[in-house]
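Data block for data12.pdb (PDB, C-alpha atoms):
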```
ATOM      1  CA  MET A   1     -26.947-104.516 233.599  1.00  0.00           C
ATOM      2  CA  PRO A   2     -28.704-105.948 236.685  1.00  0.00           C
ATOM      3  CA  VAL A   3     -30.078-109.466 236.655  1.00  0.00           C
ATOM      4  CA  GLN A   4     -33.791-109.481 235.882  1.00  0.00           C
ATOM      5  CA  LEU A   5     -35.293-111.581 238.635  1.00  0.00           C
ATOM      6  CA  ARG A   6     -39.028-111.840 239.205  1.00  0.00           C
ATOM      7  CA  LEU A   7     -39.063-109.904 242.441  1.00  0.00           C
ATOM      8  CA  ASN A   8     -41.130-107.137 243.936  1.00  0.00           C
ATOM      9  CA  LYS A   9     -39.354-104.002 245.207  1.00  0.00           C
ATOM     10  CA  LYS A  10     -38.989-105.260 248.783  1.00  0.00           C
ATOM     11  CA  GLU A  11     -37.582-108.599 247.671  1.00  0.00           C
ATOM     12  CA  GLN A  12     -35.198-106.846 245.270  1.00  0.00           C
ATOM     13  CA  ARG A  13     -33.877-104.660 248.112  1.00  0.00           C
ATOM     14  CA  ILE A  14     -33.141-107.783 250.153  1.00  0.00           C
ATOM     15  CA  VAL A  15     -31.404-109.560 247.264  1.00  0.00           C
ATOM     16  CA  ASP A  16     -29.307-106.449 246.496  1.00  0.00           C
ATOM     17  CA  LEU A  17     -28.345-106.136 250.157  1.00  0.00           C
ATOM     18  CA  LEU A  18     -27.341-109.794 250.472  1.00  0.00           C
ATOM     19  CA  LYS A  19     -25.357-109.569 247.245  1.00  0.00           C
ATOM     20  CA  ASP A  20     -23.247-106.841 248.844  1.00  0.00           C
ATOM     21  CA  THR A  21     -23.032-108.183 252.387  1.00  0.00           C
ATOM     22  CA  GLY A  22     -23.165-111.973 252.196  1.00  0.00           C
ATOM     23  CA  ALA A  23     -25.059-113.310 255.214  1.00  0.00           C
ATOM     24  CA  MET A  24     -27.283-111.298 257.522  1.00  0.00           C
ATOM     25  CA  THR A  25     -29.862-111.954 260.202  1.00  0.00           C
ATOM     26  CA  PRO A  26     -33.500-111.128 259.451  1.00  0.00           C
ATOM     27  CA  SER A  27     -33.297-108.245 261.959  1.00  0.00           C
ATOM     28  CA  GLN A  28     -30.244-106.786 260.246  1.00  0.00           C
ATOM     29  CA  ILE A  29     -32.027-107.010 256.911  1.00  0.00           C
ATOM     30  CA  ALA A  30     -35.082-105.223 258.348  1.00  0.00           C
ATOM     31  CA  VAL A  31     -32.929-102.384 259.706  1.00  0.00           C
ATOM     32  CA  GLN A  32     -30.880-101.980 256.528  1.00  0.00           C
ATOM     33  CA  THR A  33     -33.906-102.048 254.208  1.00  0.00           C
ATOM     34  CA  LEU A  34     -36.088 -99.896 256.506  1.00  0.00           C
ATOM     35  CA  MET A  35     -38.786-102.564 256.453  1.00  0.00           C
ATOM     36  CA  VAL A  36     -40.836-103.572 259.483  1.00  0.00           C
ATOM     37  CA  PRO A  37     -40.015-107.073 260.757  1.00  0.00           C
ATOM     38  CA  SER A  38     -43.271-108.635 259.506  1.00  0.00           C
ATOM     39  CA  GLU A  39     -42.624-107.352 255.963  1.00  0.00           C
ATOM     40  CA  THR A  40     -39.079-108.657 256.150  1.00  0.00           C
ATOM     41  CA  TYR A  41     -40.096-112.116 257.334  1.00  0.00           C
ATOM     42  CA  ASN A  42     -42.844-112.358 254.694  1.00  0.00           C
ATOM     43  CA  ALA A  43     -40.420-111.345 251.938  1.00  0.00           C
ATOM     44  CA  LEU A  44     -37.808-113.803 253.220  1.00  0.00           C
ATOM     45  CA  ARG A  45     -40.363-116.632 253.239  1.00  0.00           C
ATOM     46  CA  ARG A  46     -41.277-115.884 249.618  1.00  0.00           C
ATOM     47  CA  LEU A  47     -37.616-115.622 248.597  1.00  0.00           C
ATOM     48  CA  GLU A  48     -36.814-118.910 250.310  1.00  0.00           C
ATOM     49  CA  LYS A  49     -39.838-120.666 248.767  1.00  0.00           C
ATOM     50  CA  ASP A  50     -38.846-119.422 245.298  1.00  0.00           C
ATOM     51  CA  GLY A  51     -35.226-120.550 245.745  1.00  0.00           C
ATOM     52  CA  TYR A  52     -33.508-117.147 245.952  1.00  0.00           C
ATOM     53  CA  VAL A  53     -32.278-117.376 249.548  1.00  0.00           C
ATOM     54  CA  ILE A  54     -31.462-119.954 252.183  1.00  0.00           C
ATOM     55  CA  VAL A  55     -32.465-119.280 255.782  1.00  0.00           C
ATOM     56  CA  ARG A  56     -30.157-121.258 258.064  1.00  0.00           C
ATOM     57  CA  GLU A  57     -30.740-121.845 261.744  1.00  0.00           C
ATOM     58  CA  THR A  58     -27.883-120.335 263.710  1.00  0.00           C
ATOM     59  CA  PRO A  59     -27.854-120.653 267.502  1.00  0.00           C
ATOM     60  CA  ASP A  60     -25.194-117.913 267.794  1.00  0.00           C
ATOM     61  CA  SER A  61     -27.495-115.321 266.210  1.00  0.00           C
ATOM     62  CA  ALA A  62     -29.952-113.320 268.290  1.00  0.00           C
ATOM     63  CA  ASP A  63     -32.560-114.049 265.611  1.00  0.00           C
ATOM     64  CA  GLY A  64     -31.701-117.723 265.554  1.00  0.00           C
ATOM     65  CA  SER A  65     -31.121-117.636 261.807  1.00  0.00           C
ATOM     66  CA  MET A  66     -28.941-116.223 259.053  1.00  0.00           C
ATOM     67  CA  VAL A  67     -30.003-115.496 255.489  1.00  0.00           C
ATOM     68  CA  VAL A  68     -27.790-115.996 252.418  1.00  0.00           C
ATOM     69  CA  LEU A  69     -28.393-115.967 248.680  1.00  0.00           C
ATOM     70  CA  THR A  70     -28.437-119.367 247.020  1.00  0.00           C
ATOM     71  CA  GLY A  71     -25.305-120.201 245.077  1.00  0.00           C
ATOM     72  CA  GLU A  72     -27.209-120.102 241.792  1.00  0.00           C
ATOM     73  CA  VAL A  73     -28.577-116.598 242.388  1.00  0.00           C
ATOM     74  CA  ARG A  74     -25.238-115.301 243.682  1.00  0.00           C
ATOM     75  CA  SER A  75     -23.443-116.673 240.610  1.00  0.00           C
ATOM     76  CA  ALA A  76     -25.982-115.132 238.251  1.00  0.00           C
ATOM     77  CA  LEU A  77     -25.667-111.744 239.963  1.00  0.00           C
ATOM     78  CA  VAL A  78     -21.859-111.823 239.937  1.00  0.00           C
ATOM     79  CA  LYS A  79     -21.682-112.782 236.248  1.00  0.00           C
ATOM     80  CA  LEU A  80     -23.912-109.890 235.205  1.00  0.00           C
ATOM     81  CA  SER A  81     -22.517-107.185 237.456  1.00  0.00           C
TER
END
```
Go through the file and emit its structure as structure tokens.
Amino acid sequence: MPVQLRLNKKEQRIVDLLKDTGAMTPSQIAVQTLMVPSETYNALRRLEKDGYVIVRETPDSADGSMVVLTGEVRSALVKLS
């Protein structure tokens, strides 16, 4: 049974993707979820504000950042999967 998080469909796609992949750049997330970059960035801002993801600055990334699930969310998803 999937974890019931208070997410819209776009946010849920991002969380599901990060659960499977670990860390990704915002551009990679946009490509994999078929969302335009502005939708992706808006969803990531909401997810970060609500404590679902961490956006880390990464100078090695073309985007300049990497996105990962918070430990709490990752643990909750793993326990219920």
Inset, instruction - Mind checking which residues fall within 9 Å of Leu17 (chain A), counting all atoms listed in the file, ignoring those fewer than 5 positions away in the same chain, and posting them as a PyMOL selection string? - result: chain A and resi 12+22+29+32-33
Inset, instruction - Tell me which protein, DNA and RNA residues are within 9 Å of Ala43 (chain A), counting all atoms listed in the file, leaving out same-chain ones fewer than 6 positions away, and put them as a list in words. - result: Lys10, Glu11 and Ile14 of chain A
Inset, instruction - Go ahead and compute the interatomic distance for CA of Pro59 (chain A) and CA of Leu18 (chain A), in Å to one decimal. - result: 20.2 Å
Inset, instruction - Neighbourhood query: residues within 8 Å of (-35.1, -110.8, 268.6), file coordinates, counting all atoms listed in the file; return as a PyMOL selection string. - result: chain A and resi 27+62-63
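Counting from CA of Leu77 (chain A), the distance to CA of Asn8 (chain A) is 16.6 Å.
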The residues within 12 Å of (-34.2, -122.4, 249.6), using only C-alpha atoms and the coordinates of the file, should be reported as a PDB file with C-alpha atoms, in the frame of the given file; which are they?
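For reference, out_30.pdb as written:
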```pdb
ATOM      1  CA  LEU A  44     -37.808-113.803 253.220  1.00  0.00           C
ATOM      2  CA  ARG A  45     -40.363-116.632 253.239  1.00  0.00           C
ATOM      3  CA  ARG A  46     -41.277-115.884 249.618  1.00  0.00           C
ATOM      4  CA  LEU A  47     -37.616-115.622 248.597  1.00  0.00           C
ATOM      5  CA  GLU A  48     -36.814-118.910 250.310  1.00  0.00           C
ATOM      6  CA  LYS A  49     -39.838-120.666 248.767  1.00  0.00           C
ATOM      7  CA  ASP A  50     -38.846-119.422 245.298  1.00  0.00           C
ATOM      8  CA  GLY A  51     -35.226-120.550 245.745  1.00  0.00           C
ATOM      9  CA  TYR A  52     -33.508-117.147 245.952  1.00  0.00           C
ATOM     10  CA  VAL A  53     -32.278-117.376 249.548  1.00  0.00           C
ATOM     11  CA  ILE A  54     -31.462-119.954 252.183  1.00  0.00           C
ATOM     12  CA  VAL A  55     -32.465-119.280 255.782  1.00  0.00           C
ATOM     13  CA  ARG A  56     -30.157-121.258 258.064  1.00  0.00           C
ATOM     14  CA  VAL A  67     -30.003-115.496 255.489  1.00  0.00           C
ATOM     15  CA  VAL A  68     -27.790-115.996 252.418  1.00  0.00           C
ATOM     16  CA  LEU A  69     -28.393-115.967 248.680  1.00  0.00           C
ATOM     17  CA  THR A  70     -28.437-119.367 247.020  1.00  0.00           C
ATOM     18  CA  GLY A  71     -25.305-120.201 245.077  1.00  0.00           C
ATOM     19  CA  GLU A  72     -27.209-120.102 241.792  1.00  0.00           C
ATOM     20  CA  VAL A  73     -28.577-116.598 242.388  1.00  0.00           C
TER      21      VAL A  73
END
```
